[in-house]
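Asks: Supplied structure: data_0.cif, mmCIF, C-alpha atoms.
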```cif
data_model
loop_
_atom_site.label_atom_id
_atom_site.label_comp_id
_atom_site.auth_asym_id
_atom_site.auth_seq_id
_atom_site.Cartn_x
_atom_site.Cartn_y
_atom_site.Cartn_z
CA MET A 1 144.90 130.19 205.83
CA LEU A 2 148.63 129.83 206.49
CA GLN A 3 150.13 127.06 204.34
CA ALA A 4 152.36 125.01 206.63
CA ARG A 5 155.09 123.77 204.31
CA PRO A 6 155.84 127.08 202.58
CA PHE A 7 155.80 128.74 206.00
CA LEU A 8 158.17 126.19 207.57
CA THR A 9 160.43 126.33 204.53
CA SER A 10 160.61 130.11 204.79
CA LEU A 11 161.71 129.78 208.41
CA PHE A 12 164.43 127.31 207.41
CA ASP A 13 165.59 129.85 204.83
CA CYS A 14 165.72 132.54 207.52
CA ALA A 15 167.79 130.29 209.76
CA VAL A 16 170.25 129.56 206.97
CA ALA A 17 170.46 133.22 205.97
CA ALA A 18 171.38 134.17 209.54
CA ALA A 19 174.40 131.89 209.24
CA ASP A 20 175.36 133.10 205.76
CA PRO A 21 179.18 133.30 205.62
CA GLU A 22 179.24 136.67 203.89
CA ARG A 23 177.14 138.23 206.64
CA ALA A 24 178.76 136.36 209.51
CA ILE A 25 182.43 136.81 208.68
CA LEU A 26 182.64 140.59 208.31
CA PRO A 27 182.61 141.62 212.02
CA PHE A 28 185.44 139.20 212.84
CA LEU A 29 188.09 140.02 210.27
CA PRO A 30 191.53 140.40 211.95
CA GLU A 31 194.01 143.19 211.37
CA ARG A 32 196.27 142.77 208.38
CA PRO A 33 199.72 141.37 209.14
CA ARG A 34 203.09 142.74 208.15
CA GLY A 35 203.77 139.52 206.28
CA ARG A 36 201.67 137.04 204.31
CA THR A 37 198.02 136.17 204.85
CA VAL A 38 197.51 132.43 204.42
CA VAL A 39 194.07 130.80 204.53
CA ILE A 40 193.37 127.22 205.58
CA GLY A 41 190.06 125.60 206.28
CA ALA A 42 187.84 122.55 206.36
CA GLY A 43 184.14 121.82 206.58
CA LYS A 44 180.93 121.81 204.60
CA GLY A 45 180.85 125.63 204.67
CA SER A 46 184.56 126.30 204.15
CA ALA A 47 184.35 127.16 200.44
CA GLN A 48 181.63 129.75 201.01
CA LEU A 49 183.62 131.17 203.92
CA ALA A 50 186.63 131.43 201.64
CA ALA A 51 184.62 133.26 198.97
CA ALA A 52 183.24 135.67 201.58
CA LEU A 53 186.72 136.29 202.99
CA GLU A 54 188.10 137.07 199.55
CA LYS A 55 185.29 139.56 198.94
CA HIS A 56 185.88 141.46 202.17
CA TRP A 57 189.66 141.07 202.50
CA GLY A 58 190.84 141.75 198.98
CA ASP A 59 194.44 141.05 197.96
CA PRO A 60 196.92 139.63 198.80
CA LEU A 61 195.53 136.31 199.93
CA GLU A 62 196.49 132.66 199.37
CA GLY A 63 195.65 129.25 200.74
CA LEU A 64 193.55 126.10 200.60
CA VAL A 65 190.26 124.86 202.08
CA VAL A 66 188.78 121.35 201.99
CA THR A 67 185.04 120.82 201.58
CA ARG A 68 182.59 118.08 200.68
CA TYR A 69 182.09 116.98 197.08
CA GLY A 70 179.59 119.34 195.45
CA TYR A 71 179.95 122.02 198.15
CA GLY A 72 182.49 124.19 196.34
CA ALA A 73 182.29 127.90 195.61
CA LYS A 74 183.99 130.20 193.14
CA THR A 75 187.17 131.74 194.54
CA ARG A 76 190.03 133.70 192.99
CA HIS A 77 193.07 132.99 195.15
CA ILE A 78 192.06 130.37 197.73
CA GLU A 79 192.01 126.88 196.29
CA VAL A 80 188.92 124.79 197.05
CA PHE A 81 189.68 121.07 197.34
CA GLU A 82 186.87 118.51 197.61
CA ALA A 83 186.75 115.23 199.52
CA ALA A 84 184.26 112.71 200.91
CA HIS A 85 181.82 113.09 203.78
CA PRO A 86 180.64 111.45 206.05
CA VAL A 87 183.12 108.61 205.38
CA PRO A 88 186.69 109.80 204.61
CA ASP A 89 188.44 108.99 201.35
CA GLU A 90 191.85 109.31 199.69
CA ASN A 91 191.14 112.87 198.59
CA GLY A 92 190.62 113.85 202.21
CA LEU A 93 194.01 112.36 203.04
CA ILE A 94 195.58 114.41 200.23
CA GLY A 95 193.75 117.54 201.39
CA ALA A 96 195.03 117.14 204.95
CA ARG A 97 198.60 116.76 203.72
CA ARG A 98 198.27 119.80 201.50
CA LEU A 99 197.02 121.91 204.40
CA PHE A 100 200.21 121.12 206.28
CA GLU A 101 202.23 121.99 203.17
CA THR A 102 200.42 125.32 202.95
CA LEU A 103 201.73 126.22 206.42
CA ARG A 104 205.39 125.52 205.76
CA GLY A 105 207.94 128.30 206.17
CA LEU A 106 205.72 130.85 207.92
CA THR A 107 207.16 133.53 210.19
CA ALA A 108 205.94 135.54 213.17
CA ASP A 109 205.01 138.34 210.75
CA ASP A 110 202.52 136.10 208.92
CA LEU A 111 198.82 135.57 209.64
CA VAL A 112 196.89 132.34 209.20
CA ILE A 113 193.11 132.62 208.92
CA ALA A 114 191.46 129.26 209.59
CA LEU A 115 187.92 128.81 208.23
CA ILE A 116 186.37 125.93 210.16
CA SER A 117 182.86 124.48 209.94
CA GLY A 118 181.07 121.22 210.65
CA GLY A 119 182.05 118.20 208.61
CA GLY A 120 185.77 118.86 208.90
CA SER A 121 186.32 115.76 211.02
CA ALA A 122 185.52 113.40 208.15
CA LEU A 123 187.00 115.67 205.48
CA LEU A 124 190.46 115.68 207.10
CA PRO A 125 191.62 112.11 207.67
CA SER A 126 195.20 112.12 208.90
CA PRO A 127 196.03 108.79 210.50
CA PRO A 128 198.90 108.93 212.99
CA GLU A 129 202.01 106.83 212.60
CA GLY A 130 201.17 103.14 212.63
CA LEU A 131 197.61 103.58 211.38
CA THR A 132 196.17 103.90 207.87
CA LEU A 133 193.31 105.58 206.06
CA ALA A 134 191.43 102.28 206.29
CA ASP A 135 191.76 102.45 210.08
CA GLU A 136 190.40 105.99 210.16
CA ILE A 137 187.50 104.95 207.93
CA ALA A 138 186.74 102.06 210.29
CA LEU A 139 186.85 104.46 213.24
CA ASN A 140 184.50 106.89 211.53
CA LYS A 141 181.99 104.19 210.60
CA ALA A 142 181.99 102.84 214.15
CA LEU A 143 181.41 106.30 215.60
CA LEU A 144 178.57 107.10 213.19
CA ALA A 145 176.82 103.85 214.10
CA SER A 146 177.34 104.20 217.85
CA GLY A 147 174.72 106.77 218.80
CA ALA A 148 177.35 108.71 220.76
CA PRO A 149 176.95 112.52 220.85
CA ILE A 150 179.21 114.58 218.63
CA SER A 151 181.26 115.80 221.60
CA ALA A 152 182.16 112.20 222.50
CA MET A 153 182.92 111.33 218.88
CA ASN A 154 185.28 114.26 218.51
CA THR A 155 187.03 113.54 221.80
CA ILE A 156 187.86 110.13 220.39
CA ARG A 157 188.76 111.38 216.90
CA LYS A 158 191.32 113.91 218.10
CA HIS A 159 193.30 111.14 219.80
CA VAL A 160 193.42 109.05 216.65
CA SER A 161 194.63 111.78 214.31
CA GLY A 162 197.64 113.67 213.07
CA ILE A 163 195.70 116.88 212.35
CA LYS A 164 192.86 117.26 214.85
CA GLY A 165 193.03 118.58 218.42
CA GLY A 166 195.03 121.71 217.56
CA ARG A 167 197.75 119.91 215.59
CA LEU A 168 197.12 121.92 212.41
CA ALA A 169 197.44 125.24 214.25
CA LYS A 170 200.64 124.09 215.95
CA ALA A 171 202.13 123.44 212.50
CA ALA A 172 201.58 127.13 211.65
CA TRP A 173 203.84 128.36 214.48
CA PRO A 174 205.38 130.96 214.73
CA ALA A 175 202.62 132.56 212.62
CA ARG A 176 199.50 133.78 214.42
CA VAL A 177 196.33 131.78 213.78
CA VAL A 178 192.86 133.36 213.84
CA SER A 179 190.11 130.74 213.57
CA LEU A 180 186.69 131.81 212.28
CA ILE A 181 184.27 129.04 213.18
CA VAL A 182 180.73 128.19 212.11
CA SER A 183 179.51 125.98 214.94
CA ASP A 184 177.45 122.85 214.42
CA ILE A 185 178.13 121.68 217.97
CA PRO A 186 175.55 121.82 220.80
CA GLY A 187 176.96 124.34 223.25
CA ASP A 188 179.28 125.86 220.60
CA ASN A 189 182.56 124.59 222.08
CA PRO A 190 185.01 125.67 219.33
CA ALA A 191 187.39 122.81 220.14
CA TYR A 192 184.69 120.31 219.11
CA VAL A 193 183.83 121.81 215.70
CA ALA A 194 185.54 119.61 213.08
CA SER A 195 187.41 118.04 216.03
CA GLY A 196 189.32 121.28 216.56
CA PRO A 197 192.16 121.20 213.99
CA THR A 198 193.14 124.72 215.06
CA VAL A 199 191.69 124.86 218.59
CA PRO A 200 193.22 122.55 221.23
CA ASP A 201 191.41 121.36 224.32
CA PRO A 202 192.54 119.61 227.51
CA SER A 203 190.95 116.21 226.82
CA THR A 204 193.22 113.20 227.16
CA PRO A 205 193.50 109.67 225.73
CA GLU A 206 191.97 108.50 229.01
CA ASP A 207 188.94 110.69 228.25
CA ALA A 208 188.70 109.07 224.81
CA LEU A 209 188.81 105.59 226.34
CA GLY A 210 186.12 106.63 228.80
CA GLU A 211 183.79 107.66 225.94
CA ILE A 212 184.52 104.40 224.11
CA ARG A 213 183.49 102.42 227.20
CA ARG A 214 180.52 104.63 227.98
CA TYR A 215 178.96 104.22 224.54
CA ARG A 216 180.20 100.65 224.03
CA ILE A 217 181.90 101.53 220.77
CA ASP A 218 183.43 98.48 219.11
CA LEU A 219 186.78 99.60 217.68
CA PRO A 220 189.55 97.57 216.03
CA GLN A 221 192.28 96.52 218.45
CA ASN A 222 195.02 98.46 216.66
CA ILE A 223 193.10 101.72 217.20
CA LEU A 224 192.67 100.94 220.90
CA ASP A 225 196.38 100.08 221.08
CA HIS A 226 197.24 103.48 219.62
CA ILE A 227 195.08 105.35 222.14
CA THR A 228 196.79 103.55 225.02
CA SER A 229 200.30 103.76 223.55
CA GLY A 230 201.28 107.18 224.83
CA ASN A 231 201.44 108.56 221.27
CA ALA A 232 197.82 109.71 221.20
CA HIS A 233 198.19 112.87 223.30
CA ALA A 234 196.98 116.00 221.47
CA PRO A 235 198.77 119.33 222.08
CA ASP A 236 197.94 120.98 225.38
CA PRO A 237 196.18 124.37 225.21
CA SER A 238 198.96 125.83 227.38
CA ASP A 239 201.55 125.07 224.69
CA PRO A 240 203.36 128.37 223.82
CA ALA A 241 202.67 127.67 220.14
CA PHE A 242 199.05 128.72 220.78
CA ALA A 243 199.79 131.79 222.90
CA ASN A 244 198.96 134.38 220.24
CA ASN A 245 196.13 132.50 218.57
CA ILE A 246 192.47 133.48 218.90
CA HIS A 247 189.18 132.05 217.71
CA HIS A 248 185.68 133.37 217.11
CA VAL A 249 182.41 131.47 216.71
CA ILE A 250 180.90 133.59 213.94
CA ALA A 251 177.63 131.67 213.42
CA SER A 252 175.67 129.17 215.48
CA ALA A 253 172.33 127.45 215.93
CA SER A 254 171.29 129.99 218.55
CA VAL A 255 171.52 132.93 216.16
CA SER A 256 169.72 131.01 213.41
CA LEU A 257 166.86 129.92 215.66
CA GLU A 258 166.39 133.48 216.89
CA ALA A 259 166.12 134.64 213.27
CA ALA A 260 163.49 132.01 212.53
CA ALA A 261 161.56 132.92 215.68
CA ALA A 262 161.52 136.59 214.67
CA ALA A 263 160.20 135.68 211.21
CA SER A 264 157.43 133.57 212.75
CA GLU A 265 156.42 136.39 215.09
CA LYS A 266 156.31 138.76 212.12
CA ALA A 267 153.94 136.34 210.38
CA GLY A 268 151.67 136.43 213.43
CA ILE A 269 152.64 133.09 214.97
CA PRO A 270 154.23 133.28 218.46
CA ALA A 271 157.45 131.26 218.61
CA VAL A 272 159.24 129.41 221.42
CA ILE A 273 162.81 128.14 221.23
CA LEU A 274 162.95 124.94 223.28
CA SER A 275 166.73 124.61 223.04
CA ASP A 276 169.57 125.13 220.58
CA ALA A 277 171.56 122.19 222.00
CA ILE A 278 169.37 119.07 221.97
CA GLU A 279 171.33 115.82 221.82
CA GLY A 280 170.53 112.14 222.25
CA GLU A 281 168.74 109.56 220.13
CA ALA A 282 166.85 111.15 217.25
CA ARG A 283 163.81 108.94 217.75
CA GLU A 284 163.64 109.76 221.47
CA ALA A 285 163.91 113.47 220.71
CA GLY A 286 161.08 113.03 218.21
CA ARG A 287 158.86 111.44 220.84
CA MET A 288 159.69 114.15 223.36
CA HIS A 289 158.82 116.92 220.89
CA ALA A 290 155.59 115.07 220.04
CA ALA A 291 154.59 114.89 223.71
CA ILE A 292 155.05 118.64 224.10
CA ALA A 293 153.15 119.35 220.86
CA ARG A 294 150.21 117.14 221.90
CA GLU A 295 150.04 118.80 225.32
CA ILE A 296 149.81 122.22 223.69
CA ARG A 297 147.29 121.04 221.09
CA ASN A 298 145.01 119.37 223.66
CA ARG A 299 145.45 121.49 226.80
CA ASP A 300 147.13 124.76 225.85
CA ARG A 301 150.07 124.09 228.14
CA PRO A 302 152.89 124.89 228.66
CA PHE A 303 152.16 127.32 225.78
CA LYS A 304 148.91 128.46 224.22
CA LYS A 305 148.20 127.67 220.58
CA PRO A 306 148.78 128.79 217.95
CA VAL A 307 152.50 128.57 218.53
CA LEU A 308 155.67 127.53 216.73
CA LEU A 309 158.15 125.31 218.55
CA LEU A 310 161.78 125.59 217.46
CA SER A 311 164.81 123.56 218.44
CA GLY A 312 168.36 122.89 217.30
CA GLY A 313 171.37 120.81 218.25
CA GLU A 314 172.53 117.47 216.92
CA THR A 315 170.80 114.20 217.66
CA THR A 316 172.31 110.84 216.85
CA VAL A 317 171.13 107.55 215.38
CA THR A 318 172.19 104.17 216.73
CA LEU A 319 172.09 101.89 213.72
CA ARG A 320 169.89 98.87 214.38
CA GLY A 321 168.77 98.15 210.81
CA LYS A 322 169.98 98.52 207.25
CA GLY A 323 167.60 101.12 205.84
CA LYS A 324 168.25 104.59 204.45
CA GLY A 325 167.91 107.65 206.61
CA GLY A 326 169.43 110.41 208.66
CA ARG A 327 168.88 111.89 212.07
CA ASN A 328 166.24 114.39 210.90
CA THR A 329 164.08 111.89 209.03
CA GLU A 330 164.41 109.46 211.95
CA PHE A 331 163.32 112.24 214.32
CA LEU A 332 160.30 112.97 212.13
CA LEU A 333 159.20 109.37 211.69
CA ALA A 334 159.22 108.87 215.45
CA PHE A 335 157.39 112.20 215.83
CA ALA A 336 154.79 111.16 213.23
CA LEU A 337 154.13 107.86 214.99
CA ALA A 338 153.60 109.69 218.28
CA ILE A 339 151.14 112.26 216.87
CA SER A 340 149.32 109.93 214.45
CA GLY A 341 145.77 111.11 213.89
CA THR A 342 146.24 114.43 215.68
CA ALA A 343 145.07 117.35 213.56
CA GLY A 344 146.66 120.77 213.61
CA LEU A 345 150.30 119.65 213.98
CA GLU A 346 152.80 120.12 211.15
CA ALA A 347 156.54 119.70 211.47
CA MET A 348 159.81 120.04 209.60
CA ALA A 349 163.25 118.79 210.58
CA ALA A 350 166.27 119.47 208.41
CA ASP A 351 170.04 119.80 208.53
CA THR A 352 171.08 123.39 207.82
CA ASP A 353 173.90 122.23 205.53
CA GLY A 354 171.30 120.81 203.14
CA ILE A 355 172.12 117.10 203.59
CA ASP A 356 170.67 114.72 206.18
CA GLY A 357 172.70 111.54 206.29
CA SER A 358 174.05 110.31 202.96
CA GLU A 359 171.13 111.02 200.59
CA ASP A 360 170.34 114.30 198.81
CA ASN A 361 167.64 115.57 201.19
CA ALA A 362 168.09 117.94 204.12
CA GLY A 363 165.16 116.41 206.00
CA ALA A 364 161.40 116.09 205.54
CA PHE A 365 157.92 117.18 206.60
CA ALA A 366 155.46 115.31 208.84
CA ASP A 367 151.97 115.82 210.23
CA GLY A 368 149.14 113.91 211.85
CA SER A 369 148.30 112.15 208.59
CA THR A 370 151.82 110.83 207.85
CA VAL A 371 151.33 107.42 209.47
CA ALA A 372 147.90 106.84 207.87
CA ARG A 373 149.31 107.72 204.45
CA LEU A 374 152.20 105.29 204.91
CA ILE A 375 149.83 102.50 205.90
CA ALA A 376 147.60 103.31 202.90
CA ALA A 377 150.68 102.93 200.71
CA GLY A 378 151.22 99.43 202.10
CA LEU A 379 154.12 100.40 204.37
CA ASP A 380 154.67 99.71 208.07
CA PRO A 381 156.01 102.93 209.66
CA SER A 382 156.97 101.25 212.95
CA GLU A 383 158.98 98.61 211.15
CA MET A 384 160.62 101.27 208.98
CA LEU A 385 161.69 103.14 212.10
CA ASN A 386 163.09 99.94 213.61
CA ASN A 387 165.06 99.39 210.40
CA ASN A 388 166.44 102.98 210.35
CA ASP A 389 164.59 103.40 207.05
CA ALA A 390 162.99 106.81 207.59
CA TRP A 391 164.27 108.20 204.28
CA SER A 392 162.34 105.52 202.38
CA ALA A 393 159.18 106.35 204.31
CA PHE A 394 159.21 110.04 203.45
CA HIS A 395 160.42 109.37 199.92
CA ALA A 396 157.40 107.13 199.35
CA LEU A 397 155.11 109.97 200.42
CA GLY A 398 156.91 112.69 198.47
CA ASP A 399 157.55 114.50 201.74
CA LEU A 400 161.34 114.86 201.61
CA PHE A 401 162.81 118.36 201.81
CA VAL A 402 165.56 118.84 199.21
CA PRO A 403 166.99 122.39 199.17
CA GLY A 404 170.50 121.36 198.04
CA PRO A 405 173.76 122.45 199.69
CA THR A 406 173.28 125.70 201.61
CA GLY A 407 176.89 126.82 202.07
CA THR A 408 176.71 126.84 205.85
CA ASN A 409 176.23 124.39 208.70
CA VAL A 410 174.79 125.24 212.12
CA ASN A 411 173.29 121.83 212.61
CA ASP A 412 169.70 120.67 212.86
CA PHE A 413 166.66 122.91 212.46
CA ARG A 414 163.35 121.66 213.82
CA ALA A 415 160.07 123.58 213.59
CA ILE A 416 156.63 122.40 214.74
CA LEU A 417 153.55 124.46 213.94
CA ILE A 418 150.66 123.94 216.35
CA ARG A 419 147.47 125.53 215.08
#
```
Hey, can you dump this file as structure tokens for me?

Replies:
Amino acid sequence: MLQARPFLTSLFDCAVAAADPERAILPFLPERPRGRTVVIGAGKGSAQLAAALEKHWGDPLEGLVVTRYGYGAKTRHIEVFEAAHPVPDENGLIGARRLFETLRGLTADDLVIALISGGGSALLPSPPEGLTLADEIALNKALLASGAPISAMNTIRKHVSGIKGGRLAKAAWPARVVSLIVSDIPGDNPAYVASGPTVPDPSTPEDALGEIRRYRIDLPQNILDHITSGNAHAPDPSDPAFANNIHHVIASASVSLEAAAAASEKAGIPAVILSDAIEGEAREAGRMHAAIAREIRNRDRPFKKPVLLLSGGETTVTLRGKGKGGRNTEFLLAFALAISGTAGLEAMAADTDGIDGSEDNAGAFADGSTVARLIAAGLDPSEMLNNNDAWSAFHALGDLFVPGPTGTNVNDFRAILIR
């Protein structure tokens, strides 16, 4: 009989492999310039992208990328600099400054290759004039606790920054900038990945204020004053400084989910991709997935069992309690509560970068027995969900999934096996 956890883990591995930087970067390498080739980058996959670029590009090559602590890779010419995620720190501030320094003195004969992946927003704090790193940390914490989708968060971030919203690419002018992007954004808008340091978009400070009101985000008054001051405007995409720049999304959730679906089909389990762009509250997404899974299990609709349900995207967590967790474990705990006692359902949810939230797990596993096992251990799963303490629930059961950093980031991977 098919063993669920090894099977689901193998599908996660297939999804990650489909977004492997070495495989993804090769078709998108630009032509060599007459002048220098300078590399910049930021994100949880930027070091692996840099290593892959060095392998395929050869010499000469120079530059700097900023990644999360512990997410480095061995490179020969491109320096890998590490900083904090998901809350910015002083090293991130230094890394942002050094990226600007890397771009000084370029000419129209030079080429800048920007390696951008998810996580770059937190890794590149660059407070505008009048604000400090402490202000940017306060902004980041408020956004993470708000439950707002990543698109709304990044619209706000790029109007409280000296590097986001295309500002880093503008600093490279008159050199040409080619951005190679691993998308962790539902819908794969390149201007939203890492808040678009090299890809401008037409959003305005008024748009940022609209998102703040819509999601009732409580921000310090000095940040609100900056957004309304007239100094928050990001560069417009029509700016001539961007005229010769191009960008490519080289890996995404869609490609990874298709790879996992193909592997499931090969193993004899039909697969259905529900969506690669699911957003909203993690617990609500968990309940929705549970409702679909129960309908299939009990009535063979809208799909006949056995079947594998796959989905991607990026859910959010509105912090109501003080527990430990992440969006994938919160999704799974809500899912487990909704399928409690139902046999033949086994699920995994994990972040493809290898870290869910701030702990060392990528996600966890759940099935129809999860709730009963928690209760037998003297725990109240409903109360743990209310306290945003899903990590503790799955840790108590030994059901966390801990693959370590993967070197890429195409957001959440969710797989539900219905026997």

Asks: Write out as a PyMOL selection string the residues lying within 12 Å of Ser229 (chain A), counting all atoms listed in the file and excluding same-chain residues fewer than 3 positions away.

Replies: chain A and resi 128-130+159-160+205-206+209+221-226+232-233

Asks: Between CA of Thr408 (chain A) and CA of Asp13 (chain A), what distance in Å does the model show, to one decimal?

Replies: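 It comes out at 11.6 Å.
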
Asks: Would you kindly return, as a list in words, each protein, DNA or RNA residue with an atom no farther than 9 Å from any atom of Phe394 (chain A), considering all atoms listed in the file and excluding same-chain residues fewer than 6 positions away?

Replies: Thr329, Leu333, Ala364, Phe365, Ala366, Thr370, Leu374 and Leu400 of chain A

Asks: Go ahead and save the picked residues with C-alpha atoms, as a PDB file, keeping the file's coordinate frame.

Replies:
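What follows is the written file selection.pdb:
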```pdb
ATOM      1  CA  THR A 329     164.080 111.890 209.030  1.00  0.00           C
ATOM      2  CA  LEU A 333     159.200 109.370 211.690  1.00  0.00           C
ATOM      3  CA  ALA A 364     161.400 116.090 205.540  1.00  0.00           C
ATOM      4  CA  PHE A 365     157.920 117.180 206.600  1.00  0.00           C
ATOM      5  CA  ALA A 366     155.460 115.310 208.840  1.00  0.00           C
ATOM      6  CA  THR A 370     151.820 110.830 207.850  1.00  0.00           C
ATOM      7  CA  LEU A 374     152.200 105.290 204.910  1.00  0.00           C
ATOM      8  CA  LEU A 400     161.340 114.860 201.610  1.00  0.00           C
TER       9      LEU A 400
END
```

Asks: Report the distance between CA of Tyr215 (chain A) and CA of Gly92 (chain A) in Å, rounded to one decimal place.

Replies: 27.0 Å

Asks: Could you tell me how far CA of His85 (chain A) sits from CA of Thr204 (chain A), in Å to one decimal place?

Replies: 26.0 Å

Asks: If we count only C-alpha atoms and set the cut-off at 6 Å, which residues sit around Thr352 (chain A), ignoring sequence neighbours fewer than 4 positions away in its own chain? Please answer as number ranges by chain.

Replies: A: 409-412

Asks: Ranking A:Lys322, A:Arg36, A:Lys141, A:Arg414 by minimum distance to Arg176 (chain A) and counting all atoms listed in the file, which one comes first?

Replies: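 With all atoms listed in the file as the atom set, the closest residue is A:Arg36.
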
Asks: Counting all atoms listed in the file, which residue out of A:Ala145, A:Ala108, A:Leu123, A:Ile296 sits closest to Asn91 (chain A)?

Replies: A:Leu123

Asks: Using all atoms listed in the file, determine which residues lie at most 9 Å from region 183-195 of chain A, disregarding the query and same-chain residues fewer than 3 positions distant; provide the list as a short mmCIF file (atom, residue, chain, number, x, y, z; two decimals) with C-alpha atoms, keeping the file's coordinate frame.

Replies:
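Generated file (selection_11.cif):
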```
data_model
loop_
_atom_site.label_atom_id
_atom_site.label_comp_id
_atom_site.auth_asym_id
_atom_site.auth_seq_id
_atom_site.Cartn_x
_atom_site.Cartn_y
_atom_site.Cartn_z
CA ALA A 42 187.84 122.55 206.36
CA GLY A 43 184.14 121.82 206.58
CA ILE A 116 186.37 125.93 210.16
CA SER A 117 182.86 124.48 209.94
CA GLY A 118 181.07 121.22 210.65
CA GLY A 119 182.05 118.20 208.61
CA GLY A 120 185.77 118.86 208.90
CA SER A 121 186.32 115.76 211.02
CA ALA A 122 185.52 113.40 208.15
CA LEU A 123 187.00 115.67 205.48
CA LEU A 124 190.46 115.68 207.10
CA ILE A 150 179.21 114.58 218.63
CA SER A 151 181.26 115.80 221.60
CA MET A 153 182.92 111.33 218.88
CA ASN A 154 185.28 114.26 218.51
CA THR A 155 187.03 113.54 221.80
CA ARG A 157 188.76 111.38 216.90
CA LYS A 158 191.32 113.91 218.10
CA LYS A 164 192.86 117.26 214.85
CA GLY A 165 193.03 118.58 218.42
CA GLY A 166 195.03 121.71 217.56
CA THR A 198 193.14 124.72 215.06
CA VAL A 199 191.69 124.86 218.59
CA PRO A 200 193.22 122.55 221.23
CA ASP A 201 191.41 121.36 224.32
CA HIS A 247 189.18 132.05 217.71
CA HIS A 248 185.68 133.37 217.11
CA VAL A 249 182.41 131.47 216.71
CA ILE A 250 180.90 133.59 213.94
CA ALA A 251 177.63 131.67 213.42
CA SER A 252 175.67 129.17 215.48
CA ALA A 253 172.33 127.45 215.93
CA ASP A 276 169.57 125.13 220.58
CA ALA A 277 171.56 122.19 222.00
CA ILE A 278 169.37 119.07 221.97
CA GLU A 279 171.33 115.82 221.82
CA GLY A 312 168.36 122.89 217.30
CA GLY A 313 171.37 120.81 218.25
CA GLU A 314 172.53 117.47 216.92
CA ASN A 409 176.23 124.39 208.70
CA VAL A 410 174.79 125.24 212.12
CA ASN A 411 173.29 121.83 212.61
CA ASP A 412 169.70 120.67 212.86
#
```

Asks: Around (202.2, 129.6, 223.5) in the file's frame, which residues reach within 12 Å when counting only C-alpha atoms? Return as a PDB file with C-alpha atoms, in the frame of the given file?

Replies:
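Final file, point_14.pdb:
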```pdb
ATOM      1  CA  ALA A 169     197.440 125.240 214.250  1.00  0.00           C
ATOM      2  CA  LYS A 170     200.640 124.090 215.950  1.00  0.00           C
ATOM      3  CA  TRP A 173     203.840 128.360 214.480  1.00  0.00           C
ATOM      4  CA  PRO A 174     205.380 130.960 214.730  1.00  0.00           C
ATOM      5  CA  ALA A 175     202.620 132.560 212.620  1.00  0.00           C
ATOM      6  CA  ARG A 176     199.500 133.780 214.420  1.00  0.00           C
ATOM      7  CA  VAL A 177     196.330 131.780 213.780  1.00  0.00           C
ATOM      8  CA  PRO A 200     193.220 122.550 221.230  1.00  0.00           C
ATOM      9  CA  PRO A 235     198.770 119.330 222.080  1.00  0.00           C
ATOM     10  CA  ASP A 236     197.940 120.980 225.380  1.00  0.00           C
ATOM     11  CA  PRO A 237     196.180 124.370 225.210  1.00  0.00           C
ATOM     12  CA  SER A 238     198.960 125.830 227.380  1.00  0.00           C
ATOM     13  CA  ASP A 239     201.550 125.070 224.690  1.00  0.00           C
ATOM     14  CA  PRO A 240     203.360 128.370 223.820  1.00  0.00           C
ATOM     15  CA  ALA A 241     202.670 127.670 220.140  1.00  0.00           C
ATOM     16  CA  PHE A 242     199.050 128.720 220.780  1.00  0.00           C
ATOM     17  CA  ALA A 243     199.790 131.790 222.900  1.00  0.00           C
ATOM     18  CA  ASN A 244     198.960 134.380 220.240  1.00  0.00           C
ATOM     19  CA  ASN A 245     196.130 132.500 218.570  1.00  0.00           C
ATOM     20  CA  ILE A 246     192.470 133.480 218.900  1.00  0.00           C
TER      21      ILE A 246
END
```

Asks: List the residues matched by the PyMOL selection byres ((chain A and resi 269) around 10) in the displayed structure as a list of chain:residue names, ordered by chain and then by residue number.

Replies: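 With the PyMOL selection byres ((chain A and resi 269) around 10) on this model, the match is A:Leu2, A:Ala261, A:Ala262, A:Ala263, A:Ser264, A:Glu265, A:Lys266, A:Ala267, A:Gly268, A:Pro270, A:Ala271, A:Val272, A:Lys305, A:Pro306, A:Val307, A:Leu308, A:Leu417, A:Ile418, A:Arg419.
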
Asks: Neighbours of region 387-391 of chain A within 8 Å (only C-alpha atoms; same-chain residues fewer than 2 positions away dropped), as number ranges by chain?

Replies: A: 319-326, 329-330, 333, 383-385, 393-395, 400

Asks: Using the chain letters and numbers from the file, give me the residues hit by the PyMOL selection byres ((chain A and resi 68) around 6), as a list in words.

Replies: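 Checking the PyMOL selection byres ((chain A and resi 68) around 6) against this file, the residues are Lys44, Thr67, Tyr69, Tyr71, Glu82, Ala83, Ala84 and His85 of chain A.
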
Asks: Here is a test: counting only C-alpha atoms, which residue of A:Pro6, A:Gly41, A:Pro197, A:Gly70 is nearest to Met348 (chain A)?

Replies: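 Nearest candidate to Met348 (chain A) out of A:Pro6, A:Gly41, A:Pro197, A:Gly70: A:Pro6.
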